[in-house]
$ cat final-v6.txt   # compact mmCIF, C-alpha atoms
# COMPACT_ATOMS: atom_id res chain seq x y z
CA MET U 817 -18.54 -9.54 -3.68
CA THR U 818 -19.80 -6.52 -5.59
CA THR U 819 -23.20 -6.32 -7.19
CA THR U 820 -21.58 -7.51 -10.44
CA GLY U 821 -20.09 -10.55 -8.73
CA ARG U 822 -16.56 -9.16 -8.78
CA ILE U 823 -14.26 -9.21 -5.75
CA PRO U 824 -13.76 -5.69 -4.32
CA LEU U 825 -10.08 -6.26 -3.47
CA PHE U 826 -9.19 -7.01 -7.09
CA GLU U 827 -11.25 -4.11 -8.39
CA ASN U 828 -9.57 -1.78 -5.89
CA VAL U 829 -6.10 -2.96 -6.91
CA ARG U 830 -7.03 -2.55 -10.56
CA GLY U 831 -8.38 0.95 -9.95
CA LEU U 832 -5.22 1.95 -8.11
CA LEU U 833 -2.98 0.47 -10.80
CA ILE U 834 -4.72 2.16 -13.73
CA THR U 835 -4.40 5.46 -11.86
CA LEU U 836 -0.67 4.86 -11.39
CA VAL U 837 -0.30 3.99 -15.08
CA VAL U 838 -1.87 7.27 -16.18
CA MET U 839 0.09 9.24 -13.59
CA GLY U 840 3.31 7.64 -14.79
CA HIS U 841 2.62 8.55 -18.39
CA ALA U 842 1.67 12.08 -17.30
CA LEU U 843 5.18 12.42 -15.85
CA GLU U 844 6.99 11.34 -19.01
CA PRO U 845 7.28 14.80 -20.65
CA LEU U 846 9.03 16.06 -17.49
CA LEU U 847 11.68 13.35 -17.24
CA GLY U 848 14.33 15.22 -19.18
CA ARG U 849 14.34 18.29 -16.92
CA GLU U 850 12.83 17.40 -13.54
CA PRO U 851 14.90 15.04 -11.32
CA LEU U 852 11.95 14.54 -8.97
CA ALA U 853 9.76 13.41 -11.88
CA LYS U 854 12.44 10.92 -12.94
CA ALA U 855 12.75 9.56 -9.40
CA LEU U 856 8.99 9.14 -8.96
CA TYR U 857 8.69 7.63 -12.41
CA SER U 858 11.35 5.04 -11.58
CA GLY U 859 9.55 4.19 -8.34
CA LEU U 860 6.27 3.64 -10.17
CA TYR U 861 7.82 1.47 -12.84
CA LEU U 862 9.46 -0.78 -10.28
CA PHE U 863 6.13 -2.45 -9.64
CA HIS U 864 3.03 -1.13 -11.40
CA ILE U 865 3.53 -3.01 -14.68
CA PRO U 866 4.53 -6.26 -12.91
CA ALA U 867 1.53 -5.84 -10.59
CA PHE U 868 -0.82 -5.44 -13.57
CA ALA U 869 0.65 -8.60 -15.12
CA PHE U 870 0.24 -10.42 -11.78
CA LEU U 871 -3.41 -9.36 -11.46
CA SER U 872 -4.10 -10.30 -15.08
CA GLY U 873 -2.60 -13.74 -14.49
CA HIS U 874 -4.64 -14.29 -11.36
CA LEU U 875 -7.86 -13.43 -13.21
CA SER U 876 -7.05 -15.54 -16.27
CA ARG U 877 -8.15 -19.05 -17.07
CA ALA U 878 -5.79 -21.65 -18.54
CA ASP U 879 -8.06 -22.54 -21.45
CA SER U 880 -6.85 -23.45 -24.92
CA GLY U 881 -10.01 -24.34 -26.85
CA PRO U 882 -11.71 -22.38 -29.64
CA ARG U 883 -13.68 -20.26 -27.19
CA ALA U 884 -10.51 -19.23 -25.37
CA LEU U 885 -8.81 -18.37 -28.65
CA GLY U 886 -11.83 -16.32 -29.65
CA ALA U 887 -11.77 -14.47 -26.33
CA ILE U 888 -8.11 -13.59 -26.86
CA ALA U 889 -8.67 -12.53 -30.46
CA TRP U 890 -11.64 -10.29 -29.71
CA GLY U 891 -10.72 -9.30 -26.15
CA GLN U 892 -7.11 -8.24 -26.81
CA LEU U 893 -6.31 -8.25 -30.52
CA ALA U 894 -9.42 -6.45 -31.78
CA PRO U 895 -8.97 -3.40 -29.48
CA LEU U 896 -5.25 -3.51 -30.24
CA ALA U 897 -5.90 -3.29 -33.99
CA VAL U 898 -8.42 -0.45 -33.63
CA PHE U 899 -6.27 1.67 -31.32
CA GLN U 900 -3.06 0.95 -33.21
CA VAL U 901 -4.65 2.61 -36.23
CA LEU U 902 -6.11 5.46 -34.16
CA TYR U 903 -2.87 6.29 -32.38
CA VAL U 904 -0.74 6.12 -35.52
CA ALA U 905 -3.23 8.36 -37.35
CA PHE U 906 -3.29 10.72 -34.35
CA ASP U 907 0.51 10.92 -34.43
CA ALA U 908 0.56 11.67 -38.13
CA TRP U 909 -2.44 13.98 -38.59
CA VAL U 910 -2.73 15.76 -35.25
CA LEU U 911 0.79 15.76 -33.84
CA GLY U 912 2.46 16.05 -37.24
CA ARG U 913 5.01 13.31 -36.60
CA GLY U 914 4.50 11.66 -39.97
CA TRP U 915 3.90 8.05 -40.89
CA SER U 916 6.28 5.26 -39.97
CA SER U 917 6.19 1.66 -41.16
CA HIS U 918 7.64 0.32 -37.90
CA TRP U 919 4.18 0.56 -36.30
CA LEU U 920 3.29 -2.46 -38.47
CA VAL U 921 5.56 -4.62 -36.30
CA GLN U 922 5.65 -2.65 -33.04
CA PRO U 923 2.71 -1.89 -30.74
CA TYR U 924 2.22 1.82 -30.19
CA TRP U 925 3.46 3.03 -26.79
CA LEU U 926 0.97 1.73 -24.20
CA LEU U 927 -0.69 -0.86 -26.49
CA TRP U 928 2.05 -3.43 -26.00
CA PHE U 929 0.21 -4.68 -22.90
CA LEU U 930 -2.75 -5.93 -24.93
CA LEU U 931 -0.50 -7.91 -27.27
CA SER U 932 1.58 -9.31 -24.42
CA LEU U 933 -1.55 -10.23 -22.48
CA GLY U 934 -2.83 -12.20 -25.45
CA CYS U 935 0.52 -13.99 -25.73
CA TRP U 936 0.60 -14.78 -22.01
CA ARG U 937 -2.86 -16.31 -22.17
CA LEU U 938 -1.77 -18.43 -25.13
CA MET U 939 1.42 -19.55 -23.39
CA LEU U 940 -0.16 -20.31 -20.02
CA PRO U 941 -1.70 -23.73 -20.88
CA LEU U 942 1.62 -24.81 -22.42
CA LEU U 943 3.65 -23.75 -19.40
CA LEU U 944 1.27 -25.49 -17.00
CA ARG U 945 2.04 -28.79 -18.70
CA LEU U 946 5.63 -28.46 -17.52
CA PRO U 947 6.88 -29.14 -13.99
CA ARG U 948 7.47 -25.91 -12.06
CA PRO U 949 5.95 -23.54 -14.66
CA LEU U 950 7.11 -20.45 -12.78
CA MET U 951 10.71 -21.63 -13.01
CA TRP U 952 10.34 -22.03 -16.79
CA ALA U 953 8.78 -18.58 -17.08
CA VAL U 954 11.67 -17.04 -15.16
CA ALA U 955 14.16 -18.91 -17.35
CA LEU U 956 12.47 -17.56 -20.50
CA ALA U 957 12.57 -14.02 -19.09
CA LEU U 958 16.27 -14.24 -18.29
CA VAL U 959 17.33 -15.94 -21.51
CA ALA U 960 15.31 -13.54 -23.67
CA GLY U 961 17.72 -10.76 -22.74
CA LEU U 962 20.54 -12.66 -24.44
CA LEU U 963 18.83 -12.69 -27.83
CA PRO U 964 19.69 -9.61 -29.92
CA TRP U 965 16.46 -9.78 -31.95
CA VAL U 966 14.21 -9.71 -28.86
CA GLY U 967 13.30 -6.09 -28.23
CA TYR U 968 10.49 -3.74 -29.26
CA LEU U 969 9.65 -5.97 -32.26
CA PHE U 970 6.09 -7.25 -31.64
CA GLY U 971 6.63 -6.40 -27.97
CA LEU U 972 8.62 -9.63 -27.58
CA SER U 973 10.98 -8.46 -24.86
CA ARG U 974 8.21 -7.22 -22.56
CA THR U 975 6.18 -10.33 -23.22
CA PHE U 976 9.02 -12.52 -21.95
CA VAL U 977 10.23 -10.21 -19.18
CA PHE U 978 6.83 -9.87 -17.48
CA LEU U 979 5.72 -13.45 -18.17
CA PRO U 980 6.88 -14.63 -14.69
CA CYS U 981 4.66 -12.01 -13.05
CA PHE U 982 1.66 -13.25 -15.04
CA VAL U 983 2.41 -16.90 -14.20
CA ALA U 984 3.00 -16.06 -10.53
CA GLY U 985 -0.38 -14.34 -10.43
CA TYR U 986 -2.10 -17.38 -11.92
CA LEU U 987 -0.39 -19.78 -9.48
CA THR U 988 -1.14 -17.67 -6.40
CA ARG U 989 -4.04 -19.16 -4.48
CA ARG U 990 -6.95 -16.80 -4.05
CA GLU U 991 -7.26 -17.42 -0.33
CA TRP U 992 -3.68 -16.18 0.10
CA LEU U 993 -4.71 -12.82 -1.33
CA LEU U 994 -8.09 -12.57 0.36
CA ALA U 995 -7.29 -13.94 3.81
CA PRO U 996 -7.57 -11.17 6.47
CA ARG U 997 -4.37 -12.29 8.16
CA TYR U 998 -3.07 -8.84 8.95
CA THR U 999 -4.22 -6.59 11.76
CA ARG U 1000 -4.79 -2.90 11.20
CA GLY U 1001 -1.68 -2.13 13.25
CA TRP U 1002 0.48 -4.50 11.19
CA ARG U 1003 -0.78 -3.00 7.96
CA PHE U 1004 0.00 0.48 9.28
CA VAL U 1005 3.56 -0.60 10.07
CA LEU U 1006 3.94 -2.09 6.58
CA ALA U 1007 2.56 1.04 4.92
CA ALA U 1008 4.80 3.31 6.99
CA SER U 1009 7.86 1.18 6.26
CA LEU U 1010 7.17 1.22 2.53
CA ALA U 1011 6.52 4.96 2.55
CA VAL U 1012 9.77 5.66 4.37
CA GLY U 1013 11.81 3.24 2.28
CA LEU U 1014 10.47 4.28 -1.10
CA GLY U 1015 10.42 7.94 -0.08
CA ALA U 1016 14.08 7.77 0.92
CA CYS U 1017 15.03 6.11 -2.38
CA VAL U 1018 13.01 8.61 -4.44
CA GLY U 1019 14.53 11.51 -2.52
CA ALA U 1020 18.06 10.17 -2.97
CA VAL U 1021 17.54 9.78 -6.71
CA ALA U 1022 15.94 13.21 -7.02
CA MET U 1023 18.90 14.82 -5.21
CA GLY U 1024 21.46 12.92 -7.26
CA LEU U 1025 22.73 10.83 -4.35
CA LEU U 1026 21.68 7.64 -6.14
CA PRO U 1027 21.63 7.09 -9.91
CA ALA U 1028 18.23 6.53 -11.48
CA PRO U 1029 17.98 3.16 -13.23
CA ALA U 1030 17.82 3.27 -17.01
CA PRO U 1031 14.13 3.27 -18.00
CA GLN U 1032 14.75 0.35 -20.38
CA TRP U 1033 15.51 -1.87 -17.38
CA LEU U 1034 12.12 -1.03 -15.88
CA TYR U 1035 10.28 -1.19 -19.22
CA GLY U 1036 11.65 -4.68 -19.89
CA SER U 1037 11.90 -3.63 -23.52
CA SER U 1038 15.55 -4.29 -24.38
CA GLY U 1039 18.16 -7.02 -24.24
CA TYR U 1040 21.27 -6.95 -22.10
CA GLY U 1041 23.50 -5.86 -24.97
CA VAL U 1042 21.44 -2.73 -25.60
CA LEU U 1043 21.51 -1.99 -21.87
CA GLY U 1044 25.30 -2.28 -21.78
CA ALA U 1045 25.30 -5.25 -19.40
CA THR U 1046 27.04 -8.58 -19.59
CA ALA U 1047 24.98 -11.75 -19.69
CA LEU U 1048 25.60 -12.57 -16.02
CA THR U 1049 25.04 -9.02 -14.78
CA GLY U 1050 21.94 -8.62 -16.91
CA MET U 1051 20.33 -11.83 -15.70
CA ALA U 1052 21.15 -11.02 -12.07
CA ALA U 1053 19.66 -7.52 -12.40
CA ARG U 1054 16.53 -8.82 -14.10
CA ALA U 1055 16.04 -11.51 -11.46
CA ALA U 1056 16.48 -8.92 -8.70
CA LEU U 1057 13.92 -6.61 -10.34
CA PHE U 1058 11.47 -9.52 -10.57
CA CYS U 1059 11.86 -10.35 -6.86
CA GLY U 1060 11.48 -6.71 -5.86
CA ALA U 1061 8.42 -6.30 -8.07
CA LEU U 1062 6.72 -9.34 -6.55
CA ALA U 1063 7.43 -8.11 -3.02
CA LEU U 1064 5.92 -4.69 -3.82
CA THR U 1065 2.97 -6.36 -5.56
CA TRP U 1066 2.28 -8.45 -2.46
CA ALA U 1067 2.43 -5.29 -0.35
CA LEU U 1068 -0.01 -3.60 -2.73
CA PHE U 1069 -2.54 -6.42 -2.33
CA THR U 1070 -2.02 -6.43 1.42
CA LEU U 1071 -2.58 -2.70 1.84
CA SER U 1072 -5.43 -2.23 -0.66
CA PRO U 1073 -8.94 -1.91 0.83
CA ARG U 1074 -11.08 -5.04 0.79
CA GLN U 1075 -14.44 -3.31 0.85
CA GLU U 1076 -16.27 -1.49 -1.93
CA SER U 1077 -15.13 2.07 -2.53
CA ALA U 1078 -14.63 4.61 -5.30
CA LEU U 1079 -11.62 2.55 -6.38
CA THR U 1080 -13.92 -0.42 -6.93
CA ARG U 1081 -16.00 1.46 -9.47
CA LEU U 1082 -12.87 2.85 -11.11
CA GLY U 1083 -11.37 -0.62 -11.39
CA GLY U 1084 -14.50 -1.93 -13.04
CA ARG U 1085 -14.16 0.68 -15.81
CA SER U 1086 -10.36 0.71 -16.21
CA LEU U 1087 -10.09 -0.30 -19.87
CA ALA U 1088 -11.40 3.02 -21.20
CA PRO U 1089 -8.88 5.24 -19.33
CA PHE U 1090 -6.10 2.81 -20.17
CA LEU U 1091 -6.73 3.05 -23.91
CA LEU U 1092 -7.78 6.71 -24.12
CA HIS U 1093 -5.39 8.61 -21.85
CA GLY U 1094 -2.52 8.50 -24.34
CA PHE U 1095 -4.36 10.88 -26.67
CA VAL U 1096 -4.72 13.47 -23.91
CA VAL U 1097 -1.13 13.19 -22.65
CA ARG U 1098 0.34 13.40 -26.15
CA ALA U 1099 -1.93 16.35 -27.06
CA ALA U 1100 -1.04 18.23 -23.85
CA GLU U 1101 2.64 17.79 -24.61
CA HIS U 1102 2.13 18.87 -28.22
CA VAL U 1103 0.39 22.15 -27.36
CA GLY U 1104 3.06 23.07 -24.80
CA ALA U 1105 1.05 22.57 -21.62
CA TYR U 1106 4.06 21.03 -19.90
CA ALA U 1107 6.13 24.18 -20.39
CA PHE U 1108 4.26 25.71 -17.45
CA LEU U 1109 5.08 22.82 -15.10
CA GLN U 1110 8.29 23.60 -13.25
CA GLY U 1111 9.89 22.20 -10.11
CA PRO U 1112 8.20 20.08 -7.42
CA VAL U 1113 4.94 22.00 -7.81
CA GLY U 1114 4.87 21.21 -11.54
CA VAL U 1115 5.54 17.55 -10.83
CA ALA U 1116 2.71 17.48 -8.29
CA LEU U 1117 0.37 19.15 -10.78
CA ALA U 1118 1.26 16.56 -13.44
CA LEU U 1119 0.52 13.74 -11.01
CA GLY U 1120 -2.75 15.33 -9.96
CA ALA U 1121 -3.75 15.87 -13.58
CA GLY U 1122 -3.03 12.21 -14.30
CA ALA U 1123 -5.22 11.08 -11.42
CA LEU U 1124 -8.02 13.44 -12.47
CA LEU U 1125 -7.75 12.27 -16.07
CA THR U 1126 -8.19 8.67 -14.92
CA VAL U 1127 -11.38 9.56 -13.09
CA LEU U 1128 -12.79 11.56 -15.99
CA LEU U 1129 -12.08 8.88 -18.60
CA SER U 1130 -13.69 6.23 -16.40
CA HIS U 1131 -16.94 8.19 -16.12
CA PRO U 1132 -19.88 6.06 -17.28
CA HIS U 1133 -20.77 8.55 -20.03
CA VAL U 1134 -17.23 8.42 -21.45
CA VAL U 1135 -17.14 4.64 -21.18
CA GLN U 1136 -20.47 4.28 -22.96
CA ALA U 1137 -19.59 6.77 -25.70
CA THR U 1138 -16.24 5.14 -26.49
CA ARG U 1139 -17.25 1.51 -26.02
CA PRO U 1140 -17.51 0.87 -29.81
CA LEU U 1141 -13.77 1.64 -30.07
CA TRP U 1142 -12.45 -0.75 -27.47
CA GLU U 1143 -15.27 -3.29 -27.74
CA PRO U 1144 -15.73 -3.22 -31.52
CA ARG U 1145 -18.90 -5.25 -31.84
CA TRP U 1146 -19.34 -3.62 -35.24
CA LEU U 1147 -16.44 -5.87 -36.32
CA PHE U 1148 -17.79 -9.06 -34.83
CA GLN U 1149 -20.59 -10.78 -33.01
CA ARG U 1150 -18.48 -12.78 -30.62
CA THR U 1151 -17.63 -13.21 -26.95
CA ARG U 1152 -17.57 -10.18 -24.67
CA ASP U 1153 -15.26 -11.64 -22.07
CA ALA U 1154 -13.63 -8.96 -19.96
CA VAL U 1155 -9.94 -8.32 -20.44
CA PRO U 1156 -8.14 -9.97 -17.49
CA GLY U 1157 -6.59 -7.26 -15.36
CA LEU U 1158 -8.56 -4.50 -17.10
CA GLY U 1159 -12.23 -3.88 -16.48
CA ARG U 1160 -14.77 -2.99 -19.13
$ encode --input "final-v6.txt" --output "structure tokens"
Amino acid sequence: MTTTGRIPLFENVRGLLITLVVMGHALEPLLGREPLAKALYSGLYLFHIPAFAFLSGHLSRADSGPRALGAIAWGQLAPLAVFQVLYVAFDAWVLGRGWSSHWLVQPYWLLWFLLSLGCWRLMLPLLLRLPRPLMWAVALALVAGLLPWVGYLFGLSRTFVFLPCFVAGYLTRREWLLAPRYTRGWRFVLAASLAVGLGACVGAVAMGLLPAPAPQWLYGSSGYGVLGATALTGMAARAALFCGALALTWALFTLSPRQESALTRLGGRSLAPFLLHGFVVRAAEHVGAYAFLQGPVGVALALGAGALLTVLLSHPHVVQATRPLWEPRWLFQRTRDAVPGLGR
């Protein structure tokens, strides 16, 4: 346990995941012209969102009383409301993209996770009343793709698509994740196998030997019709992505360090970089900073900048200065429960 009572493994996983989230978004402006960026981006999105949903589920409680509802309202919905306004205003006033009414019914870019997390926490007690809740969650995820009105609206598609990952995280017994069942040699073999396998796939996509999956499949943001798939093909692909994501998530927990480290401190302050990094990435793209990033070196620089940005935005001074934005106590005097999966 850390000095705050948190488990180092979970903080380390959270710190690694928030770094991957920022690095992934830092790659987005390069996707249209750098095959390597597109390949790496696809590799990240195979698992880092499902892994965040899994961790959030494991750290959540299946409560449904007034206190739980208050924690959801002020832990997820209050920061969502504040940053929805800030990002839309930033788009209009700083980036000059104008105002759009669709932000009233669609979370801005990265903010969908807060809304989906609130929905998952609301749905969890209901699903646990059913036999085999994970099976029901998977069924909802697969059937959601058949409904034409389930898409970006209120983040519904992502809420359903990543619901099984959240439920799987909740149902996973803690001792399964914490048990030191793997020797150092076995973990090295697993890490090497993953590096070779993922590296080969990324290289094949970057060189055009394999097609890159459509980002919408990895985002979980669209139905099968929009993706050009039949019902059977779409459900099979979504089920396969879910299984692959869980396998990679399990590998991530297996390979992550179990002792306190710099990742532990980063994981404990992950909410600030999660909510703030979008301003920096959008501004860098707007001023033309990405025009100087070319080829593999440019891709590496974008990844490095994303990692550095994560560290800077998680600095205690930045966290303290921006806390009123993502913990708006000036709006309420309520619970200060941490956001599951994201540290304060």
$ closest_residue --input "final-v6.txt" --among "U:Phe863, U:Val1021, U:Leu933, U:Phe868" --to "U:Ala889" --atoms "only C-alpha atoms"
U:Leu933
$ closest_residue --input "final-v6.txt" --among "U:Leu943, U:Leu1064, U:Leu1057, U:Ala878" --to "U:Gly1013" --atoms "all atoms listed in the file"
U:Leu1064
$ residues_around --input "final-v6.txt" --residues "stretch 1079-1091 of chain U" --least-positions-apart "4" --cutoff "6 Å" --atoms "all atoms listed in the file" --output "number ranges by chain"
U: 824, 827-828, 830-831, 1126, 1129-1130, 1135, 1158-1160
$ residues_around --input "final-v6.txt" --residues "stretch 1136-1142 of chain U" --least-positions-apart "4" --cutoff "9 Å" --atoms "only C-alpha atoms" --output "PDB file with C-alpha atoms, in the frame of the given file"
ATOM      1  CA  GLY U 891     -10.720  -9.300 -26.150  1.00  0.00           C
ATOM      2  CA  ALA U 894      -9.420  -6.450 -31.780  1.00  0.00           C
ATOM      3  CA  PRO U 895      -8.970  -3.400 -29.480  1.00  0.00           C
ATOM      4  CA  LEU U 896      -5.250  -3.510 -30.240  1.00  0.00           C
ATOM      5  CA  VAL U 898      -8.420  -0.450 -33.630  1.00  0.00           C
ATOM      6  CA  PHE U 899      -6.270   1.670 -31.320  1.00  0.00           C
ATOM      7  CA  LEU U1087     -10.090  -0.300 -19.870  1.00  0.00           C
ATOM      8  CA  ALA U1088     -11.400   3.020 -21.200  1.00  0.00           C
ATOM      9  CA  LEU U1091      -6.730   3.050 -23.910  1.00  0.00           C
ATOM     10  CA  LEU U1092      -7.780   6.710 -24.120  1.00  0.00           C
ATOM     11  CA  HIS U1131     -16.940   8.190 -16.120  1.00  0.00           C
ATOM     12  CA  PRO U1132     -19.880   6.060 -17.280  1.00  0.00           C
ATOM     13  CA  TRP U1146     -19.340  -3.620 -35.240  1.00  0.00           C
ATOM     14  CA  ARG U1160     -14.770  -2.990 -19.130  1.00  0.00           C
TER      15      ARG U1160
END
$ residues_around --input "final-v6.txt" --residues "U:Ala984" --least-positions-apart "3" --cutoff "7 Å" --atoms "all atoms listed in the file" --output "list of chain:residue names"
U:Phe870, U:Leu950, U:Pro980, U:Cys981, U:Leu987, U:Thr988
$ atom_distance --input "final-v6.txt" --atom1 "atom CA of U:Ala887" --atom2 "atom CA of U:Leu920"
22.8 Å
$ build_atoms --input "final-v6.txt" --residues "stretch 828-837 of chain U" --atoms "all heavy atoms" --output "PDB file, in the coordinates of the input"
ATOM      1  N   ASN U 828     -10.296  -2.892  -6.510  1.00  0.00           N
ATOM      2  CA  ASN U 828      -9.570  -1.780  -5.890  1.00  0.00           C
ATOM      3  C   ASN U 828      -8.119  -1.738  -6.360  1.00  0.00           C
ATOM      4  O   ASN U 828      -7.579  -0.662  -6.650  1.00  0.00           O
ATOM      5  CB  ASN U 828      -9.632  -1.907  -4.368  1.00  0.00           C
ATOM      6  CG  ASN U 828     -11.025  -1.703  -3.810  1.00  0.00           C
ATOM      7  OD1 ASN U 828     -11.856  -1.029  -4.420  1.00  0.00           O
ATOM      8  ND2 ASN U 828     -11.307  -2.294  -2.665  1.00  0.00           N
ATOM      9  N   VAL U 829      -7.485  -2.899  -6.417  1.00  0.00           N
ATOM     10  CA  VAL U 829      -6.100  -2.960  -6.910  1.00  0.00           C
ATOM     11  C   VAL U 829      -6.043  -2.495  -8.363  1.00  0.00           C
ATOM     12  O   VAL U 829      -5.161  -1.728  -8.750  1.00  0.00           O
ATOM     13  CB  VAL U 829      -5.550  -4.390  -6.769  1.00  0.00           C
ATOM     14  CG1 VAL U 829      -4.210  -4.525  -7.500  1.00  0.00           C
ATOM     15  CG2 VAL U 829      -5.381  -4.756  -5.302  1.00  0.00           C
ATOM     16  N   ARG U 830      -6.999  -2.945  -9.147  1.00  0.00           N
ATOM     17  CA  ARG U 830      -7.030  -2.550 -10.560  1.00  0.00           C
ATOM     18  C   ARG U 830      -7.249  -1.044 -10.700  1.00  0.00           C
ATOM     19  O   ARG U 830      -6.604  -0.388 -11.522  1.00  0.00           O
ATOM     20  CB  ARG U 830      -8.136  -3.322 -11.284  1.00  0.00           C
ATOM     21  CG  ARG U 830      -8.262  -2.991 -12.750  1.00  0.00           C
ATOM     22  CD  ARG U 830      -8.940  -4.097 -13.517  1.00  0.00           C
ATOM     23  NE  ARG U 830     -10.167  -4.572 -12.901  1.00  0.00           N
ATOM     24  CZ  ARG U 830     -10.800  -5.687 -13.268  1.00  0.00           C
ATOM     25  NH1 ARG U 830     -10.301  -6.432 -14.232  1.00  0.00           N
ATOM     26  NH2 ARG U 830     -11.916  -6.053 -12.687  1.00  0.00           N
ATOM     27  N   GLY U 831      -8.150  -0.482  -9.898  1.00  0.00           N
ATOM     28  CA  GLY U 831      -8.380   0.950  -9.950  1.00  0.00           C
ATOM     29  C   GLY U 831      -7.151   1.750  -9.554  1.00  0.00           C
ATOM     30  O   GLY U 831      -6.826   2.772 -10.175  1.00  0.00           O
ATOM     31  N   LEU U 832      -6.450   1.279  -8.522  1.00  0.00           N
ATOM     32  CA  LEU U 832      -5.220   1.950  -8.110  1.00  0.00           C
ATOM     33  C   LEU U 832      -4.154   1.849  -9.184  1.00  0.00           C
ATOM     34  O   LEU U 832      -3.458   2.830  -9.499  1.00  0.00           O
ATOM     35  CB  LEU U 832      -4.725   1.343  -6.796  1.00  0.00           C
ATOM     36  CG  LEU U 832      -3.444   1.932  -6.206  1.00  0.00           C
ATOM     37  CD1 LEU U 832      -3.610   3.421  -5.944  1.00  0.00           C
ATOM     38  CD2 LEU U 832      -3.073   1.198  -4.922  1.00  0.00           C
ATOM     39  N   LEU U 833      -4.020   0.678  -9.794  1.00  0.00           N
ATOM     40  CA  LEU U 833      -2.980   0.470 -10.800  1.00  0.00           C
ATOM     41  C   LEU U 833      -3.229   1.301 -12.053  1.00  0.00           C
ATOM     42  O   LEU U 833      -2.288   1.870 -12.615  1.00  0.00           O
ATOM     43  CB  LEU U 833      -2.874  -1.014 -11.156  1.00  0.00           C
ATOM     44  CG  LEU U 833      -2.203  -1.902 -10.109  1.00  0.00           C
ATOM     45  CD1 LEU U 833      -2.273  -3.366 -10.529  1.00  0.00           C
ATOM     46  CD2 LEU U 833      -0.750  -1.488  -9.897  1.00  0.00           C
ATOM     47  N   ILE U 834      -4.471   1.370 -12.515  1.00  0.00           N
ATOM     48  CA  ILE U 834      -4.720   2.160 -13.730  1.00  0.00           C
ATOM     49  C   ILE U 834      -4.447   3.635 -13.438  1.00  0.00           C
ATOM     50  O   ILE U 834      -3.950   4.373 -14.315  1.00  0.00           O
ATOM     51  CB  ILE U 834      -6.154   1.943 -14.253  1.00  0.00           C
ATOM     52  CG1 ILE U 834      -6.291   2.553 -15.651  1.00  0.00           C
ATOM     53  CG2 ILE U 834      -7.188   2.508 -13.320  1.00  0.00           C
ATOM     54  CD1 ILE U 834      -5.335   2.018 -16.675  1.00  0.00           C
ATOM     55  N   THR U 835      -4.722   4.082 -12.222  1.00  0.00           N
ATOM     56  CA  THR U 835      -4.400   5.460 -11.860  1.00  0.00           C
ATOM     57  C   THR U 835      -2.896   5.691 -11.890  1.00  0.00           C
ATOM     58  O   THR U 835      -2.412   6.720 -12.398  1.00  0.00           O
ATOM     59  CB  THR U 835      -4.947   5.793 -10.460  1.00  0.00           C
ATOM     60  OG1 THR U 835      -6.365   5.535 -10.434  1.00  0.00           O
ATOM     61  CG2 THR U 835      -4.702   7.246 -10.102  1.00  0.00           C
ATOM     62  N   LEU U 836      -2.127   4.740 -11.377  1.00  0.00           N
ATOM     63  CA  LEU U 836      -0.670   4.860 -11.390  1.00  0.00           C
ATOM     64  C   LEU U 836      -0.122   4.827 -12.817  1.00  0.00           C
ATOM     65  O   LEU U 836       0.862   5.518 -13.127  1.00  0.00           O
ATOM     66  CB  LEU U 836      -0.043   3.743 -10.559  1.00  0.00           C
ATOM     67  CG  LEU U 836      -0.316   3.795  -9.056  1.00  0.00           C
ATOM     68  CD1 LEU U 836       0.325   2.601  -8.364  1.00  0.00           C
ATOM     69  CD2 LEU U 836       0.197   5.094  -8.447  1.00  0.00           C
ATOM     70  N   VAL U 837      -0.734   4.028 -13.692  1.00  0.00           N
ATOM     71  CA  VAL U 837      -0.300   3.990 -15.080  1.00  0.00           C
ATOM     72  C   VAL U 837      -0.454   5.358 -15.737  1.00  0.00           C
ATOM     73  O   VAL U 837       0.461   5.869 -16.391  1.00  0.00           O
ATOM     74  CB  VAL U 837      -1.097   2.921 -15.868  1.00  0.00           C
ATOM     75  CG1 VAL U 837      -0.897   3.081 -17.375  1.00  0.00           C
ATOM     76  CG2 VAL U 837      -0.663   1.523 -15.447  1.00  0.00           C
TER      77      VAL U 837
END
